[in-house]
file data-v6.cif (mmCIF, C-alpha atoms)
data_start
#
loop_
_atom_site.label_atom_id
_atom_site.label_comp_id
_atom_site.auth_asym_id
_atom_site.auth_seq_id
_atom_site.Cartn_x
_atom_site.Cartn_y
_atom_site.Cartn_z
CA MET A 288 124.29 6.20 -81.34
CA PRO A 289 127.07 8.57 -82.55
CA ARG A 290 126.04 12.21 -82.79
CA ARG A 291 126.06 13.93 -86.16
CA ALA A 292 128.82 16.39 -87.00
CA LEU A 293 126.29 19.23 -87.35
CA ASP A 294 125.02 18.60 -83.83
CA LEU A 295 128.58 18.85 -82.51
CA ILE A 296 129.08 22.13 -84.39
CA LEU A 297 125.88 23.49 -82.89
CA ASP A 298 127.13 22.47 -79.44
CA HIS A 299 130.36 24.36 -80.17
CA VAL A 300 128.44 27.51 -81.09
CA ARG A 301 126.11 27.32 -78.11
CA ALA A 302 129.04 26.88 -75.71
CA GLU A 303 130.49 30.25 -76.68
CA PRO A 304 129.18 33.65 -75.53
CA SER A 305 126.08 34.76 -77.43
CA ARG A 306 127.00 35.96 -80.91
CA THR A 307 123.51 36.18 -82.39
CA TRP A 308 124.12 39.69 -83.70
CA SER A 309 127.35 38.60 -85.44
CA ILE A 310 125.67 35.58 -87.04
CA ILE A 311 122.96 37.92 -88.34
CA VAL A 312 125.62 39.96 -90.16
CA THR A 313 126.94 36.74 -91.70
CA ILE A 314 123.46 35.68 -92.86
CA TYR A 315 123.02 38.98 -94.63
CA GLY A 316 126.45 39.06 -96.23
CA ASP A 317 126.40 35.44 -97.39
CA ALA A 318 122.74 34.80 -98.18
CA ILE A 319 120.52 37.90 -98.15
CA VAL A 320 122.60 40.59 -99.88
CA PRO A 321 122.94 38.43 -103.04
CA ARG A 322 119.12 38.30 -103.13
CA GLY A 323 118.62 42.05 -102.90
CA GLY A 324 119.47 42.81 -99.30
CA SER A 325 116.12 43.31 -97.54
CA VAL A 326 114.30 40.43 -95.84
CA TRP A 327 111.32 39.85 -93.59
CA LEU A 328 112.06 39.47 -89.90
CA GLY A 329 110.07 36.21 -89.94
CA THR A 330 112.68 34.68 -92.25
CA LEU A 331 115.40 35.35 -89.71
CA LEU A 332 113.28 34.02 -86.85
CA ALA A 333 112.73 30.78 -88.80
CA PHE A 334 116.46 30.46 -89.43
CA PHE A 335 117.40 30.93 -85.79
CA ARG A 336 114.87 28.35 -84.67
CA GLY A 337 117.21 25.93 -86.44
CA LEU A 338 119.83 26.92 -83.86
CA ASP A 339 117.33 26.78 -80.99
CA VAL A 340 117.63 30.55 -80.48
CA ALA A 341 114.43 32.07 -79.10
CA ASP A 342 112.51 34.66 -81.12
CA GLY A 343 112.93 37.22 -78.35
CA VAL A 344 116.72 36.90 -78.47
CA VAL A 345 116.70 37.48 -82.23
CA ARG A 346 114.37 40.48 -81.98
CA THR A 347 116.60 42.02 -79.32
CA ALA A 348 119.70 41.47 -81.48
CA MET A 349 117.98 43.00 -84.51
CA SER A 350 116.96 46.07 -82.51
CA ARG A 351 120.50 46.45 -81.20
CA LEU A 352 121.99 46.18 -84.69
CA ALA A 353 119.55 48.78 -85.99
CA ALA A 354 120.30 51.13 -83.08
CA ASP A 355 124.05 50.72 -83.68
CA GLY A 356 123.75 51.52 -87.38
CA TRP A 357 124.34 48.01 -88.76
CA LEU A 358 120.78 47.50 -90.05
CA THR A 359 117.97 49.70 -91.33
CA ARG A 360 114.33 48.82 -90.69
CA GLN A 361 111.35 49.22 -93.01
CA ARG A 362 107.75 48.63 -91.89
CA VAL A 363 105.28 47.29 -94.46
CA SER A 364 101.83 46.97 -92.92
CA ARG A 365 102.44 45.02 -89.71
CA ASN A 366 105.64 43.34 -90.92
CA SER A 367 109.23 44.45 -90.35
CA PHE A 368 111.93 44.16 -93.00
CA TYR A 369 115.62 44.77 -92.42
CA ARG A 370 118.60 45.36 -94.68
CA LEU A 371 122.30 45.87 -93.96
CA ALA A 372 123.21 49.53 -93.54
CA ASP A 373 126.40 50.89 -95.10
CA LYS A 374 128.52 49.85 -92.11
CA GLY A 375 127.35 46.26 -92.31
CA ARG A 376 127.78 46.01 -96.08
CA GLU A 377 131.31 47.44 -95.90
CA THR A 378 132.29 45.05 -93.12
CA PHE A 379 131.27 41.97 -95.10
CA ALA A 380 132.48 43.38 -98.43
CA ARG A 381 136.04 43.62 -97.05
CA ALA A 382 136.00 39.87 -96.42
CA THR A 383 134.19 38.82 -99.60
CA GLU A 384 137.26 38.55 -101.83
CA HIS A 385 139.17 36.63 -99.17
CA ILE A 386 136.29 34.26 -98.41
CA TYR A 387 135.10 33.27 -101.85
CA ARG A 388 138.01 34.00 -104.22
CA HIS A 389 141.25 33.99 -102.22
CA CYS A 390 143.76 35.82 -104.40
CA PRO A 391 147.14 36.18 -102.67
CA PRO A 392 149.21 39.04 -104.09
CA ASP A 393 152.08 38.29 -106.43
CA TRP A 394 155.43 38.04 -104.71
CA HIS A 395 158.14 40.21 -106.27
CA GLY A 396 160.87 39.10 -103.89
CA HIS A 397 160.77 42.03 -101.48
CA PHE A 398 158.62 44.04 -99.11
CA ASP A 399 157.62 47.67 -99.23
CA MET A 400 158.35 49.33 -95.89
CA LEU A 401 156.76 52.54 -94.62
CA LEU A 402 158.20 54.60 -91.77
CA ILE A 403 155.55 56.67 -89.98
CA GLU A 404 156.41 59.58 -87.70
CA THR A 405 155.38 59.27 -84.05
CA GLY A 406 152.56 61.81 -84.17
CA ALA A 407 150.87 60.16 -87.15
CA ARG A 408 151.17 56.49 -86.09
CA GLU A 409 147.87 55.98 -84.29
CA GLY A 410 145.84 57.61 -87.05
CA ALA A 411 147.55 55.59 -89.77
CA ARG A 412 147.75 52.21 -88.07
CA ALA A 413 144.15 51.04 -88.52
CA VAL A 414 144.04 52.23 -92.12
CA LEU A 415 147.32 50.53 -92.99
CA GLU A 416 146.34 47.28 -91.30
CA ALA A 417 143.06 47.28 -93.25
CA ALA A 418 145.09 47.76 -96.45
CA GLY A 419 147.19 44.68 -95.69
CA PHE A 420 150.24 46.14 -93.93
CA GLY A 421 151.79 44.48 -90.91
CA MET A 422 153.79 46.17 -88.14
CA PRO A 423 157.03 44.44 -87.05
CA LEU A 424 158.11 47.46 -84.96
CA PRO A 425 156.38 50.62 -83.71
CA GLY A 426 156.05 53.06 -86.59
CA VAL A 427 157.29 50.51 -89.15
CA PHE A 428 154.79 48.98 -91.57
CA VAL A 429 155.50 46.35 -94.23
CA ALA A 430 153.58 44.66 -97.03
CA PRO A 431 154.42 42.65 -100.15
CA ALA A 432 155.81 44.98 -102.81
CA GLY A 433 153.07 46.57 -104.88
CA THR A 434 150.49 46.77 -102.10
CA ALA A 435 148.50 49.99 -102.50
CA VAL A 436 149.40 52.63 -99.91
CA PRO A 437 146.36 54.39 -98.40
CA GLU A 438 146.12 58.12 -98.84
CA GLU A 439 146.51 58.62 -95.08
CA ALA A 440 150.09 57.29 -95.34
CA ALA A 441 151.04 58.82 -98.68
CA ALA A 442 153.70 61.05 -97.08
CA ALA A 443 155.50 58.19 -95.32
CA LEU A 444 159.12 57.40 -96.11
CA ARG A 445 159.21 54.28 -98.30
CA LEU A 446 161.92 51.63 -98.47
CA HIS A 447 162.36 48.28 -100.24
CA VAL A 448 163.35 45.37 -97.98
CA SER A 449 164.75 42.11 -99.33
CA GLY A 450 166.68 39.15 -97.97
CA SER A 451 166.79 35.37 -97.90
CA VAL A 452 163.60 33.32 -97.78
CA GLU A 453 164.26 32.59 -94.10
CA GLU A 454 164.71 36.30 -93.34
CA GLN A 455 161.57 37.21 -95.28
CA ARG A 456 159.50 34.61 -93.43
CA ALA A 457 160.91 35.80 -90.10
CA LEU A 458 159.94 39.39 -90.92
CA ALA A 459 156.42 38.28 -91.88
CA ALA A 460 156.10 36.39 -88.58
CA ARG A 461 157.04 39.54 -86.68
CA ALA A 462 154.75 41.80 -88.72
CA TRP A 463 151.56 39.72 -88.62
CA PRO A 464 150.05 37.38 -85.96
CA LEU A 465 150.59 34.37 -88.21
CA GLU A 466 150.84 31.74 -85.48
CA GLN A 467 147.54 32.81 -83.91
CA THR A 468 145.90 32.80 -87.34
CA ALA A 469 147.35 29.38 -88.14
CA GLU A 470 146.02 27.98 -84.86
CA ALA A 471 142.57 29.40 -85.65
CA TYR A 472 142.67 27.65 -89.03
CA ARG A 473 143.61 24.37 -87.35
CA ARG A 474 140.67 24.67 -84.95
CA PHE A 475 138.39 25.41 -87.90
CA ILE A 476 139.57 22.26 -89.69
CA ALA A 477 139.11 20.15 -86.55
CA THR A 478 135.56 21.51 -86.09
CA PHE A 479 134.33 21.15 -89.67
CA GLU A 480 136.29 18.22 -91.12
CA PRO A 481 133.83 15.68 -89.60
CA LEU A 482 130.97 17.44 -91.39
CA ARG A 483 132.86 17.33 -94.68
CA ALA A 484 133.45 13.60 -94.19
CA GLU A 485 129.78 12.94 -93.43
CA LEU A 486 128.58 14.92 -96.45
CA ALA A 487 131.10 13.19 -98.71
CA ALA A 488 129.77 9.85 -97.44
CA GLY A 489 126.25 10.81 -98.48
CA ALA A 490 124.79 12.06 -95.20
CA GLY A 491 121.67 14.09 -95.84
CA LEU A 492 120.57 17.33 -94.18
CA SER A 493 117.20 19.00 -94.30
CA ASP A 494 117.02 22.32 -96.14
CA LEU A 495 116.91 24.20 -92.82
CA GLU A 496 119.90 22.25 -91.52
CA ALA A 497 121.74 23.05 -94.75
CA ILE A 498 121.28 26.82 -94.43
CA VAL A 499 122.20 26.65 -90.73
CA ALA A 500 125.37 24.69 -91.50
CA ARG A 501 126.27 27.01 -94.39
CA VAL A 502 125.91 30.18 -92.32
CA LEU A 503 127.86 28.76 -89.37
CA LEU A 504 130.57 27.57 -91.77
CA ILE A 505 131.01 31.03 -93.31
CA HIS A 506 130.63 32.71 -89.95
CA GLU A 507 133.54 30.76 -88.45
CA TYR A 508 135.67 31.03 -91.61
CA ARG A 509 135.03 34.78 -91.97
CA ARG A 510 136.25 35.46 -88.44
CA ILE A 511 139.64 33.95 -89.34
CA VAL A 512 139.91 35.42 -92.84
CA LEU A 513 139.44 38.92 -91.46
CA ARG A 514 142.61 38.38 -89.38
CA ASP A 515 144.55 36.72 -92.20
CA PRO A 516 146.69 39.16 -94.24
CA ILE A 517 146.54 36.69 -97.20
CA LEU A 518 150.26 36.77 -97.91
CA PRO A 519 152.04 35.18 -100.87
CA PRO A 520 152.80 31.51 -100.17
CA ALA A 521 156.54 32.17 -100.58
CA ILE A 522 156.72 34.07 -97.27
CA LEU A 523 154.31 31.94 -95.25
CA PRO A 524 155.44 29.11 -92.95
CA ALA A 525 155.96 25.85 -94.80
CA ASP A 526 153.15 24.15 -92.84
CA TRP A 527 150.64 27.00 -93.29
CA PRO A 528 147.10 25.53 -92.79
CA GLY A 529 145.19 28.29 -94.57
CA LEU A 530 144.82 26.44 -97.86
CA ALA A 531 143.68 23.24 -96.13
CA ALA A 532 141.07 25.21 -94.19
CA ARG A 533 139.88 26.84 -97.40
CA ALA A 534 139.54 23.43 -99.06
CA VAL A 535 137.38 22.19 -96.17
CA CYS A 536 135.21 25.32 -96.38
CA ALA A 537 134.85 25.09 -100.17
CA ASP A 538 133.95 21.38 -100.15
CA ILE A 539 131.29 21.80 -97.47
CA TYR A 540 129.85 24.90 -99.11
CA SER A 541 129.46 23.12 -102.44
CA CYS A 542 127.61 20.27 -100.70
CA LEU A 543 125.25 22.67 -98.90
CA VAL A 544 124.55 25.38 -101.45
CA GLU A 545 121.73 23.66 -103.36
CA ALA A 546 119.65 22.69 -100.33
CA SER A 547 120.35 25.97 -98.51
CA GLU A 548 119.32 28.01 -101.55
CA ARG A 549 116.14 25.93 -101.74
CA TRP A 550 115.36 26.90 -98.13
CA LEU A 551 115.88 30.55 -99.04
CA ASP A 552 113.64 30.17 -102.12
CA GLU A 553 110.84 28.97 -99.86
CA ASN A 554 111.39 31.21 -96.82
CA ALA A 555 113.17 34.45 -97.75
CA VAL A 556 110.43 37.02 -98.30
CA GLY A 557 110.94 40.57 -99.56
CA GLU A 558 109.06 43.79 -98.92
CA ASP A 559 106.66 43.08 -101.81
CA GLY A 560 105.62 39.80 -100.18
CA ALA A 561 107.29 37.73 -102.90
CA PRO A 562 110.22 35.33 -102.47
CA LEU A 563 113.61 37.01 -102.83
CA PRO A 564 115.09 36.12 -106.23
CA ALA A 565 118.13 33.86 -106.19
CA ASP A 566 121.52 34.97 -107.52
CA PRO A 567 123.14 32.22 -109.63
CA LYS A 568 126.61 33.61 -108.80
CA VAL A 569 126.27 32.02 -105.36
CA PHE A 570 126.75 28.60 -106.97
CA LYS A 571 130.12 29.73 -108.39
CA ARG A 572 131.64 30.70 -105.06
CA PHE A 573 135.00 29.10 -104.23
CA LYS A 574 135.31 27.93 -107.85
CA VAL A 575 137.19 30.89 -109.31
#
call {"tool": "encode", "arguments": {"input": "data-v6.cif", "output": "structure tokens"}}
result
Amino acid sequence: MPRRALDLILDHVRAEPSRTWSIIVTIYGDAIVPRGGSVWLGTLLAFFRGLDVADGVVRTAMSRLAADGWLTRQRVSRNSFYRLADKGRETFARATEHIYRHCPPDWHGHFDMLLIETGAREGARAVLEAAGFGMPLPGVFVAPAGTAVPEEAAAALRLHVSGSVEEQRALAARAWPLEQTAEAYRRFIATFEPLRAELAAGAGLSDLEAIVARVLLIHEYRRIVLRDPILPPAILPADWPGLAARAVCADIYSCLVEASERWLDENAVGEDGAPLPADPKVFKRFKV
């Protein structure tokens, strides 16, 4: 009997080094933060049983995340409740626009280029990369014209760079790891396309399977989106797979959201002992 696509995805996850802590961050960003942000540890244990992850592994990961400043813990009677700390919220918030809305910047026909002096490069690099700048050469940073320049690089010499479409695409390929990102998108499509096909054909999942599939979907997609500079289509390779990967993600998410939200309605418990209230905006993700 052929194995279900979800089972194959679970095999894929289990074959990789343990990433329980990273999946926990995804659960919070995608499913718990929209419901208020704090949830009972028992909810998370129930979720991870759907991945065959032992309670002890989850408890250890939660303790590590709290010790590292990703989560904060609140005791209510004998129960533990956790919420994302500032570091965790900021990490997921940076990806939120890319994941659910995907708004490439307008293309004005040229790049803005910043030249950073040697002594200031290391301090500015991480900030500029987070702002969307690529680095084709040491000390040289580029981004589509109009990209906001972080305060840390406000004193940099600025130039406008234009050229033919071929030259612009070549510069983008040097400035950002586009081929690696494209390959990651292709692997994502190969992993999740069978699940999209099964769901489109009417295959049913339990509510627990739906929330597991939804979280793993966003977890894998988020890891790629965080590396994707989200450039205007005009300067991307002609066969860029990012939009196809997004379509796969959006289709699967729309098939899973109702059942997965139902699981959360029945299992996500807040500090007052009541179910965490749903956020209707979740149903509008990928549609704007």
call {"tool": "residues_near_point", "arguments": {"input": "data-v6.cif", "point": "(152.9, 36.0, -101.7)", "cutoff": "6 Å", "atoms": "all atoms listed in the file", "output": "PDB file with C-alpha atoms, in the frame of the given file"}}
result
ATOM      1  CA  PRO A 391     147.140  36.180-102.670  1.00  0.00           C
ATOM      2  CA  PRO A 392     149.210  39.040-104.090  1.00  0.00           C
ATOM      3  CA  ASP A 393     152.080  38.290-106.430  1.00  0.00           C
ATOM      4  CA  TRP A 394     155.430  38.040-104.710  1.00  0.00           C
ATOM      5  CA  LEU A 518     150.260  36.770 -97.910  1.00  0.00           C
ATOM      6  CA  PRO A 519     152.040  35.180-100.870  1.00  0.00           C
ATOM      7  CA  PRO A 520     152.800  31.510-100.170  1.00  0.00           C
ATOM      8  CA  ALA A 521     156.540  32.170-100.580  1.00  0.00           C
TER       9      ALA A 521
END
call {"tool": "closest_residue", "arguments": {"input": "data-v6.cif", "among": "A:Trp308, A:Tyr315, A:Trp327, A:Phe479", "to": "Asp538 (chain A)", "atoms": "only C-alpha atoms"}}
result
A:Phe479
call {"tool": "residues_around", "arguments": {"input": "data-v6.cif", "residues": "region 365-377 of chain A", "least_positions_apart": "3", "cutoff": "6 Å", "atoms": "only C-alpha atoms", "output": "PDB file with C-alpha atoms, in the frame of the given file"}}
result
ATOM      1  CA  GLY A 324     119.470  42.810 -99.300  1.00  0.00           C
ATOM      2  CA  SER A 325     116.120  43.310 -97.540  1.00  0.00           C
ATOM      3  CA  VAL A 326     114.300  40.430 -95.840  1.00  0.00           C
ATOM      4  CA  TRP A 327     111.320  39.850 -93.590  1.00  0.00           C
ATOM      5  CA  LEU A 328     112.060  39.470 -89.900  1.00  0.00           C
ATOM      6  CA  TRP A 357     124.340  48.010 -88.760  1.00  0.00           C
ATOM      7  CA  LEU A 358     120.780  47.500 -90.050  1.00  0.00           C
ATOM      8  CA  THR A 359     117.970  49.700 -91.330  1.00  0.00           C
ATOM      9  CA  ARG A 360     114.330  48.820 -90.690  1.00  0.00           C
ATOM     10  CA  GLN A 361     111.350  49.220 -93.010  1.00  0.00           C
ATOM     11  CA  ARG A 362     107.750  48.630 -91.890  1.00  0.00           C
ATOM     12  CA  ALA A 380     132.480  43.380 -98.430  1.00  0.00           C
TER      13      ALA A 380
END
call {"tool": "axis_aligned_box", "arguments": {"input": "data-v6.cif", "around": "region 349-364 of chain A", "padding_each_side": "3 Å", "output": "AutoDock Vina command-line options"}}
result
--center_x 113.1 --center_y 47.3 --center_z -87.8 --size_x 28.5 --size_y 14.5 --size_z 19.3
call {"tool": "resolve_selection", "arguments": {"input": "data-v6.cif", "expression": "the PyMOL selection byres ((chain A and resi 389) around 9)", "output": "list in words"}}
result
Thr383, Glu384, His385, Ile386, Tyr387, Arg388, Cys390, Pro391, Ile517, Arg533, Phe573 and Val575 of chain A
call {"tool": "atom_distance", "arguments": {"input": "data-v6.cif", "atom1": "CA of Ala487 (chain A)", "atom2": "CA of Asn554 (chain A)"}}
result
26.8 Å
call {"tool": "residues_near_point", "arguments": {"input": "data-v6.cif", "point": "(125.6, 14.3, -94.1)", "cutoff": "12 Å", "atoms": "all atoms listed in the file", "output": "PyMOL selection string"}}
result
chain A and resi 290-294+479-494+496-497+500+539+542-543
call {"tool": "closest_residue", "arguments": {"input": "data-v6.cif", "among": "A:Val320, A:Val427, A:Val436, A:Val512", "to": "Thr405 (chain A)", "atoms": "all atoms listed in the file"}}
result
A:Val427
call {"tool": "closest_residue", "arguments": {"input": "data-v6.cif", "among": "A:Leu401, A:Ile498, A:Leu424, A:Ala462", "to": "Leu444 (chain A)", "atoms": "only C-alpha atoms"}}
result
A:Leu401
call {"tool": "closest_residue", "arguments": {"input": "data-v6.cif", "among": "A:Ile403, A:Val569, A:Ala477, A:Ile296", "to": "Ser547 (chain A)", "atoms": "all atoms listed in the file"}}
result
A:Val569
call {"tool": "residues_around", "arguments": {"input": "data-v6.cif", "residues": "Ala469 (chain A)", "least_positions_apart": "6", "cutoff": "7 Å", "atoms": "only C-alpha atoms", "output": "number ranges by chain"}}
result
A: 527-529
call {"tool": "closest_residue", "arguments": {"input": "data-v6.cif", "among": "A:Ala413, A:Ala333, A:Leu458, A:Val344", "to": "Pro437 (chain A)", "atoms": "only C-alpha atoms"}}
result
A:Ala413
call {"tool": "atom_distance", "arguments": {"input": "data-v6.cif", "atom1": "CA of Val363 (chain A)", "atom2": "CA of Thr307 (chain A)"}}
result
24.5 Å
call {"tool": "residues_around", "arguments": {"input": "data-v6.cif", "residues": "Ala440 (chain A)", "least_positions_apart": "6", "cutoff": "12 Å", "atoms": "only C-alpha atoms", "output": "MDAnalysis selection string"}}
result
chainID A and resid 400:404 407:416 418 420 426:428
call {"tool": "atom_distance", "arguments": {"input": "data-v6.cif", "atom1": "CA of Thr378 (chain A)", "atom2": "CA of Leu551 (chain A)"}}
result
22.7 Å
call {"tool": "residues_around", "arguments": {"input": "data-v6.cif", "residues": "Ala555 (chain A)", "least_positions_apart": "2", "cutoff": "9 Å", "atoms": "all atoms listed in the file", "output": "compact mmCIF listing (two decimals) with C-alpha atoms, keeping the file's coordinate frame"}}
result
# COMPACT_ATOMS: atom_id res chain seq x y z
CA ILE A 319 120.52 37.90 -98.15
CA ARG A 322 119.12 38.30 -103.13
CA VAL A 326 114.30 40.43 -95.84
CA TRP A 327 111.32 39.85 -93.59
CA GLY A 329 110.07 36.21 -89.94
CA THR A 330 112.68 34.68 -92.25
CA LEU A 331 115.40 35.35 -89.71
CA TRP A 550 115.36 26.90 -98.13
CA LEU A 551 115.88 30.55 -99.04
CA ASP A 552 113.64 30.17 -102.12
CA GLU A 553 110.84 28.97 -99.86
CA GLY A 557 110.94 40.57 -99.56
CA ALA A 561 107.29 37.73 -102.90
CA PRO A 562 110.22 35.33 -102.47
CA LEU A 563 113.61 37.01 -102.83
CA PRO A 564 115.09 36.12 -106.23
call {"tool": "closest_residue", "arguments": {"input": "data-v6.cif", "among": "A:Arg501, A:Lys568, A:Ile310, A:Thr434", "to": "Ala348 (chain A)", "atoms": "all atoms listed in the file"}}
result
A:Ile310
call {"tool": "residues_around", "arguments": {"input": "data-v6.cif", "residues": "Ala460 (chain A)", "least_positions_apart": "6", "cutoff": "12 Å", "atoms": "all atoms listed in the file", "output": "ChimeraX atom specification"}}
result
/A:421-424,429,453-454,466-469,516,518,522-524,527
